[in-house]
Amino acid sequence: MSDWNAELYSKFEKNRTLPAVDLVKAIEAKPQRIIDIGCGIGNSTAVLAERFPEAEIIGVDSSDDMLAFARNAHPSIQFIKLDAEHDLGKMDERYDIVFSNACIQWIPNHRKLLKEMMGLLNDGGVLAVQIPAQKKHPMHALMKNIALSEKWSQKITSPRQYNELSDEEYFDVLSEVSGSFRMWETTYFHEMPSYQSILEWYKGTGLRPCLE
């Protein structure tokens, strides 16, 4: 799949950052080291830096364009390239908070991935992950139906794959790797000026496989 377009993604930065703000507020910890997995343009990493100003914070992402944008927007924060799908299990470093906002829905095998993310924690550390509930969203149903339609199925040969598990499956996975955890779902309603704005939002994320 083609690389991310940071400028396009950043058009809706305030709206995209809301879940990260709420997730950071829910963390009860005094961390010394934090990693933000799938940091994108650095908006979520900046939220962490504001909430935990004394901590060492590292933002990681696989996109060069996203990382360049993040470094320019937040020069005081360290950003490095890392492929979360393949590299997490190879890391020796440990962190007090492993954070990820709107990233792991792009990565398959969440049972393995969550165990690897938990493996990055120091004793008593916190894993905080936000995943968009895309299987439940009408826009994603529309994109899937169009990609599989007679008109487009021969051109869109690699339609978007949905990797998220069910709520029950996440509960079971977390029960295996953690002695204490919380799960919750929040619905965000974003006011848009037109349907073109909705398309602009998704051109920067879920429509990428179709547009390619």
# chains A, B, ... in the order shown; residues from 1 in each chain; ligands from 1

$ closest_atom_pairs --of "range 16-122 of chain A" --to "range 179-189 of chain A" --cutoff "10 Å" --atoms "only C-alpha atoms" --output "Markdown table"
| residue | atom | partner | partner_atom | distance |
| --- | --- | --- | --- | --- |
| A:Arg16 | CA | A:Tyr188 | CA | 9.9 |
| A:Leu18 | CA | A:Tyr188 | CA | 8.5 |
| A:Pro19 | CA | A:Tyr188 | CA | 8.3 |
| A:Asp22 | CA | A:Thr186 | CA | 9.6 |

$ residues_around --residues "Leu48 in chain A" --least-positions-apart "5" --cutoff "9 Å" --atoms "only C-alpha atoms" --output "number ranges by chain"
A: 20-21, 24, 34, 36, 43, 53, 57, 99

$ select_by_dssp --residues "range 50-211 of chain A" --states "helix (DSSP H, G or I)" --output "JSON, numbers by chain"
{"A": [50, 51, 64, 65, 66, 67, 68, 69, 70, 71, 72, 73, 84, 85, 86, 87, 88, 89, 90, 104, 105, 106, 110, 111, 112, 113, 114, 115, 116, 117, 118, 134, 135, 136, 138, 139, 140, 141, 142, 143, 144, 145, 146, 147, 167, 168, 169, 170, 171, 172, 173, 174, 175, 176, 177, 195, 196, 197, 198, 199, 200, 201, 202, 203, 208, 209, 210, 211]}

$ closest_residue --among "A:Met66, A:Gln78, A:Val60, A:Lys11" --to "Ile198 in chain A" --atoms "only C-alpha atoms"
A:Lys11

$ residues_around --residues "range 81-87 of chain A" --least-positions-apart "4" --cutoff "10 Å" --atoms "only C-alpha atoms" --output "ChimeraX atom specification"
/A:37-38,59-64,66-67,91,103-104,106-110,112-113,116-117

$ write_last_selection --atoms "N, CA, C and O atoms" --output "mmCIF file, in the first residue's frame"
data_model
loop_
_atom_site.group_PDB
_atom_site.id
_atom_site.type_symbol
_atom_site.label_atom_id
_atom_site.label_comp_id
_atom_site.auth_asym_id
_atom_site.auth_seq_id
_atom_site.Cartn_x
_atom_site.Cartn_y
_atom_site.Cartn_z
ATOM 1 N N ILE A 37 2.946 4.091 19.811
ATOM 2 C CA ILE A 37 3.059 3.220 18.640
ATOM 3 C C ILE A 37 2.059 3.651 17.570
ATOM 4 O O ILE A 37 0.854 3.742 17.825
ATOM 5 N N GLY A 38 2.567 3.921 16.358
ATOM 6 C CA GLY A 38 1.717 4.445 15.293
ATOM 7 C C GLY A 38 1.403 5.899 15.543
ATOM 8 O O GLY A 38 0.246 6.329 15.455
ATOM 9 N N GLY A 59 7.868 8.645 19.918
ATOM 10 C CA GLY A 59 6.827 8.326 18.948
ATOM 11 C C GLY A 59 7.414 7.482 17.836
ATOM 12 O O GLY A 59 8.486 7.802 17.315
ATOM 13 N N VAL A 60 6.735 6.391 17.469
ATOM 14 C CA VAL A 60 7.230 5.513 16.407
ATOM 15 C C VAL A 60 6.153 5.310 15.352
ATOM 16 O O VAL A 60 4.967 5.245 15.650
ATOM 17 N N ASP A 61 6.594 5.223 14.100
ATOM 18 C CA ASP A 61 5.671 5.019 12.980
ATOM 19 C C ASP A 61 6.461 4.428 11.813
ATOM 20 O O ASP A 61 7.688 4.559 11.752
ATOM 21 N N SER A 62 5.744 3.812 10.887
ATOM 22 C CA SER A 62 6.411 3.197 9.729
ATOM 23 C C SER A 62 6.435 4.119 8.514
ATOM 24 O O SER A 62 7.070 3.805 7.508
ATOM 25 N N SER A 63 5.733 5.267 8.595
ATOM 26 C CA SER A 63 5.622 6.173 7.454
ATOM 27 C C SER A 63 6.640 7.305 7.547
ATOM 28 O O SER A 63 6.637 8.085 8.505
ATOM 29 N N ASP A 64 7.489 7.436 6.536
ATOM 30 C CA ASP A 64 8.461 8.535 6.502
ATOM 31 C C ASP A 64 7.769 9.890 6.436
ATOM 32 O O ASP A 64 8.215 10.858 7.061
ATOM 33 N N MET A 66 4.736 10.747 7.564
ATOM 34 C CA MET A 66 4.148 11.052 8.867
ATOM 35 C C MET A 66 5.233 11.485 9.856
ATOM 36 O O MET A 66 5.064 12.453 10.606
ATOM 37 N N LEU A 67 6.355 10.773 9.860
ATOM 38 C CA LEU A 67 7.426 11.102 10.790
ATOM 39 C C LEU A 67 8.026 12.468 10.503
ATOM 40 O O LEU A 67 8.341 13.229 11.433
ATOM 41 N N MET A 91 12.191 -5.843 20.181
ATOM 42 C CA MET A 91 12.681 -4.721 20.975
ATOM 43 C C MET A 91 13.102 -5.176 22.374
ATOM 44 O O MET A 91 12.432 -5.988 23.013
ATOM 45 N N CYS A 103 -4.218 3.056 15.372
ATOM 46 C CA CYS A 103 -3.122 2.481 14.591
ATOM 47 C C CYS A 103 -3.310 1.001 14.327
ATOM 48 O O CYS A 103 -3.218 0.550 13.179
ATOM 49 N N ILE A 104 -3.571 0.203 15.361
ATOM 50 C CA ILE A 104 -3.429 -1.244 15.199
ATOM 51 C C ILE A 104 -4.535 -1.867 14.356
ATOM 52 O O ILE A 104 -4.441 -3.048 13.997
ATOM 53 N N TRP A 106 -4.790 -1.362 11.410
ATOM 54 C CA TRP A 106 -4.101 -1.626 10.143
ATOM 55 C C TRP A 106 -3.203 -2.860 10.221
ATOM 56 O O TRP A 106 -2.608 -3.259 9.203
ATOM 57 N N ILE A 107 -3.073 -3.454 11.400
ATOM 58 C CA ILE A 107 -2.129 -4.551 11.611
ATOM 59 C C ILE A 107 -2.892 -5.844 11.896
ATOM 60 O O ILE A 107 -3.778 -5.858 12.761
ATOM 61 N N PRO A 108 -2.573 -6.933 11.224
ATOM 62 C CA PRO A 108 -3.263 -8.204 11.470
ATOM 63 C C PRO A 108 -2.783 -8.896 12.749
ATOM 64 O O PRO A 108 -1.807 -8.489 13.358
ATOM 65 N N ASN A 109 -3.517 -9.936 13.127
ATOM 66 C CA ASN A 109 -3.165 -10.820 14.244
ATOM 67 C C ASN A 109 -3.050 -10.057 15.562
ATOM 68 O O ASN A 109 -1.969 -9.947 16.160
ATOM 69 N N HIS A 110 -4.174 -9.544 16.031
ATOM 70 C CA HIS A 110 -4.172 -8.757 17.262
ATOM 71 C C HIS A 110 -3.869 -9.594 18.502
ATOM 72 O O HIS A 110 -3.404 -9.054 19.511
ATOM 73 N N LYS A 112 -1.494 -11.850 18.756
ATOM 74 C CA LYS A 112 -0.036 -11.785 18.844
ATOM 75 C C LYS A 112 0.420 -10.364 19.145
ATOM 76 O O LYS A 112 1.308 -10.145 19.987
ATOM 77 N N LEU A 113 -0.178 -9.388 18.481
ATOM 78 C CA LEU A 113 0.243 -7.996 18.621
ATOM 79 C C LEU A 113 0.065 -7.490 20.045
ATOM 80 O O LEU A 113 0.969 -6.853 20.608
ATOM 81 N N GLU A 116 2.669 -8.831 22.304
ATOM 82 C CA GLU A 116 3.958 -8.170 22.084
ATOM 83 C C GLU A 116 3.970 -6.776 22.712
ATOM 84 O O GLU A 116 4.987 -6.355 23.285
ATOM 85 N N MET A 117 2.866 -6.063 22.614
ATOM 86 C CA MET A 117 2.785 -4.733 23.223
ATOM 87 C C MET A 117 2.880 -4.836 24.746
ATOM 88 O O MET A 117 3.559 -4.034 25.398
#

$ atom_distance --atom1 "CA of Gln196 in chain A" --atom2 "CA of Gly40 in chain A"
23.3 Å

$ residues_around --residues "range 141-149 of chain A" --least-positions-apart "4" --cutoff "12 Å" --atoms "only C-alpha atoms" --output "list in words"
Ala133, Gln134, Lys135, Lys136, His137, Ser153, Gln154, Lys155, Ile156, Thr157, Ser158, Pro159, Arg160, Gln161, Tyr162, Leu199, Tyr202, Lys203, Thr205, Gly206, Leu207, Arg208, Pro209, Cys210, Leu211 and Glu212 of chain A

$ residues_around --residues "Arg94 in chain A" --least-positions-apart "4" --cutoff "8 Å" --atoms "only C-alpha atoms" --output "mmCIF file with all heavy atoms, in the first residue's frame"
data_model
loop_
_atom_site.group_PDB
_atom_site.id
_atom_site.type_symbol
_atom_site.label_atom_id
_atom_site.label_comp_id
_atom_site.auth_asym_id
_atom_site.auth_seq_id
_atom_site.Cartn_x
_atom_site.Cartn_y
_atom_site.Cartn_z
ATOM 1 N N ARG A 33 9.107 6.473 31.174
ATOM 2 C CA ARG A 33 9.326 6.229 29.746
ATOM 3 C C ARG A 33 8.007 5.833 29.091
ATOM 4 O O ARG A 33 7.260 4.999 29.610
ATOM 5 C CB ARG A 33 10.354 5.124 29.515
ATOM 6 C CG ARG A 33 11.719 5.386 30.100
ATOM 7 C CD ARG A 33 12.720 4.369 29.572
ATOM 8 N NE ARG A 33 13.091 4.677 28.184
ATOM 9 C CZ ARG A 33 13.406 3.773 27.269
ATOM 10 N NH1 ARG A 33 13.330 2.478 27.552
ATOM 11 N NH2 ARG A 33 13.764 4.128 26.051
ATOM 12 N N LEU A 120 6.362 -5.138 26.172
ATOM 13 C CA LEU A 120 7.214 -3.947 26.214
ATOM 14 C C LEU A 120 7.109 -3.198 27.538
ATOM 15 O O LEU A 120 7.828 -2.224 27.758
ATOM 16 C CB LEU A 120 6.842 -2.990 25.079
ATOM 17 C CG LEU A 120 7.043 -3.487 23.649
ATOM 18 C CD1 LEU A 120 6.547 -2.435 22.660
ATOM 19 C CD2 LEU A 120 8.506 -3.810 23.382
ATOM 20 N N LEU A 121 6.217 -3.659 28.434
ATOM 21 C CA LEU A 121 5.950 -2.922 29.661
ATOM 22 C C LEU A 121 6.891 -3.317 30.795
ATOM 23 O O LEU A 121 7.229 -4.489 30.974
ATOM 24 C CB LEU A 121 4.517 -3.171 30.121
ATOM 25 C CG LEU A 121 3.406 -2.525 29.295
ATOM 26 C CD1 LEU A 121 2.045 -3.032 29.760
ATOM 27 C CD2 LEU A 121 3.474 -1.005 29.395
ATOM 28 N N ASN A 122 7.275 -2.315 31.580
ATOM 29 C CA ASN A 122 7.887 -2.574 32.869
ATOM 30 C C ASN A 122 6.841 -3.146 33.818
ATOM 31 O O ASN A 122 5.634 -3.047 33.571
ATOM 32 C CB ASN A 122 8.456 -1.279 33.460
ATOM 33 C CG ASN A 122 9.699 -0.800 32.737
ATOM 34 O OD1 ASN A 122 10.559 -1.604 32.383
ATOM 35 N ND2 ASN A 122 9.806 0.504 32.512
#

$ closest_residue --among "A:His140, A:Glu200, A:Gly119, A:Arg111" --to "Phe171 in chain A" --atoms "only C-alpha atoms"
A:Arg111

$ closest_residue --among "A:Ile35, A:Lys115, A:Arg51, A:Gln105" --to "Phe79 in chain A" --atoms "only C-alpha atoms"
A:Ile35

$ select_by_dssp --residues "range 9-192 of chain A" --states "strand (DSSP E or B)" --output "VMD selection string"
chain A and resid 33 to 37 56 to 61 78 to 81 95 to 101 121 to 130

$ atom_distance --atom1 "CA of Pro193 in chain A" --atom2 "CA of Cys39 in chain A"
27.4 Å

$ atom_distance --atom1 "CA of Ile27 in chain A" --atom2 "CA of Asn72 in chain A"
27.2 Å

$ residues_around --residues "Ile77 in chain A" --least-positions-apart "5" --cutoff "9 Å" --atoms "only C-alpha atoms" --output "PDB file with all heavy atoms, in the first residue's frame"
ATOM      1  N   GLY A  42       2.113  12.883  15.018  1.00  0.00           N
ATOM      2  CA  GLY A  42       2.598  13.297  16.331  1.00  0.00           C
ATOM      3  C   GLY A  42       1.562  13.953  17.216  1.00  0.00           C
ATOM      4  O   GLY A  42       1.885  14.421  18.310  1.00  0.00           O
ATOM      5  N   THR A  45       1.203  11.913  20.388  1.00  0.00           N
ATOM      6  CA  THR A  45       2.446  12.006  21.155  1.00  0.00           C
ATOM      7  C   THR A  45       2.514  13.334  21.892  1.00  0.00           C
ATOM      8  O   THR A  45       2.985  13.398  23.039  1.00  0.00           O
ATOM      9  CB  THR A  45       3.663  11.862  20.227  1.00  0.00           C
ATOM     10  OG1 THR A  45       3.363  10.952  19.163  1.00  0.00           O
ATOM     11  CG2 THR A  45       4.865  11.347  20.992  1.00  0.00           C
ATOM     12  N   ALA A  46       2.042  14.393  21.250  1.00  0.00           N
ATOM     13  CA  ALA A  46       2.024  15.716  21.888  1.00  0.00           C
ATOM     14  C   ALA A  46       1.067  15.740  23.083  1.00  0.00           C
ATOM     15  O   ALA A  46       1.346  16.398  24.093  1.00  0.00           O
ATOM     16  CB  ALA A  46       1.623  16.779  20.870  1.00  0.00           C
ATOM     17  N   ALA A  49       2.933  14.137  25.861  1.00  0.00           N
ATOM     18  CA  ALA A  49       3.977  15.032  26.359  1.00  0.00           C
ATOM     19  C   ALA A  49       3.402  16.120  27.261  1.00  0.00           C
ATOM     20  O   ALA A  49       4.016  16.511  28.259  1.00  0.00           O
ATOM     21  CB  ALA A  49       4.733  15.655  25.190  1.00  0.00           C
ATOM     22  N   GLU A  56      10.239  10.607  29.492  1.00  0.00           N
ATOM     23  CA  GLU A  56      10.871  10.441  28.187  1.00  0.00           C
ATOM     24  C   GLU A  56       9.843   9.795  27.249  1.00  0.00           C
ATOM     25  O   GLU A  56       9.319   8.727  27.545  1.00  0.00           O
ATOM     26  CB  GLU A  56      12.101   9.548  28.295  1.00  0.00           C
ATOM     27  CG  GLU A  56      12.747   9.234  26.951  1.00  0.00           C
ATOM     28  CD  GLU A  56      13.774   8.127  27.026  1.00  0.00           C
ATOM     29  OE1 GLU A  56      14.030   7.604  28.129  1.00  0.00           O
ATOM     30  OE2 GLU A  56      14.321   7.764  25.957  1.00  0.00           O
ATOM     31  N   ILE A  57       9.568  10.447  26.129  1.00  0.00           N
ATOM     32  CA  ILE A  57       8.511   9.983  25.229  1.00  0.00           C
ATOM     33  C   ILE A  57       9.079   9.778  23.835  1.00  0.00           C
ATOM     34  O   ILE A  57       9.780  10.646  23.307  1.00  0.00           O
ATOM     35  CB  ILE A  57       7.337  10.978  25.178  1.00  0.00           C
ATOM     36  CG1 ILE A  57       6.763  11.182  26.584  1.00  0.00           C
ATOM     37  CG2 ILE A  57       6.246  10.485  24.222  1.00  0.00           C
ATOM     38  CD1 ILE A  57       5.661  12.228  26.648  1.00  0.00           C
ATOM     39  N   ILE A  58       8.761   8.626  23.251  1.00  0.00           N
ATOM     40  CA  ILE A  58       9.206   8.305  21.900  1.00  0.00           C
ATOM     41  C   ILE A  58       7.988   7.980  21.048  1.00  0.00           C
ATOM     42  O   ILE A  58       7.163   7.139  21.419  1.00  0.00           O
ATOM     43  CB  ILE A  58      10.170   7.100  21.903  1.00  0.00           C
ATOM     44  CG1 ILE A  58      11.405   7.399  22.750  1.00  0.00           C
ATOM     45  CG2 ILE A  58      10.579   6.743  20.464  1.00  0.00           C
ATOM     46  CD1 ILE A  58      12.314   6.203  22.948  1.00  0.00           C
ATOM     47  N   GLY A  59       7.868   8.645  19.918  1.00  0.00           N
ATOM     48  CA  GLY A  59       6.827   8.326  18.948  1.00  0.00           C
ATOM     49  C   GLY A  59       7.414   7.482  17.836  1.00  0.00           C
ATOM     50  O   GLY A  59       8.486   7.802  17.315  1.00  0.00           O
ATOM     51  N   ALA A  70       5.648  14.972  11.874  1.00  0.00           N
ATOM     52  CA  ALA A  70       5.677  14.979  13.338  1.00  0.00           C
ATOM     53  C   ALA A  70       6.919  15.696  13.868  1.00  0.00           C
ATOM     54  O   ALA A  70       6.832  16.491  14.818  1.00  0.00           O
ATOM     55  CB  ALA A  70       5.642  13.538  13.856  1.00  0.00           C
ATOM     56  N   ARG A  71       8.067  15.430  13.271  1.00  0.00           N
ATOM     57  CA  ARG A  71       9.309  16.069  13.729  1.00  0.00           C
ATOM     58  C   ARG A  71       9.261  17.577  13.533  1.00  0.00           C
ATOM     59  O   ARG A  71       9.762  18.343  14.352  1.00  0.00           O
ATOM     60  CB  ARG A  71      10.497  15.467  12.990  1.00  0.00           C
ATOM     61  CG  ARG A  71      10.806  14.022  13.398  1.00  0.00           C
ATOM     62  CD  ARG A  71      11.843  13.396  12.490  1.00  0.00           C
ATOM     63  NE  ARG A  71      12.093  11.995  12.843  1.00  0.00           N
ATOM     64  CZ  ARG A  71      12.243  11.024  11.963  1.00  0.00           C
ATOM     65  NH1 ARG A  71      12.205  11.299  10.655  1.00  0.00           N
ATOM     66  NH2 ARG A  71      12.454   9.785  12.365  1.00  0.00           N
TER      67      ARG A  71
END
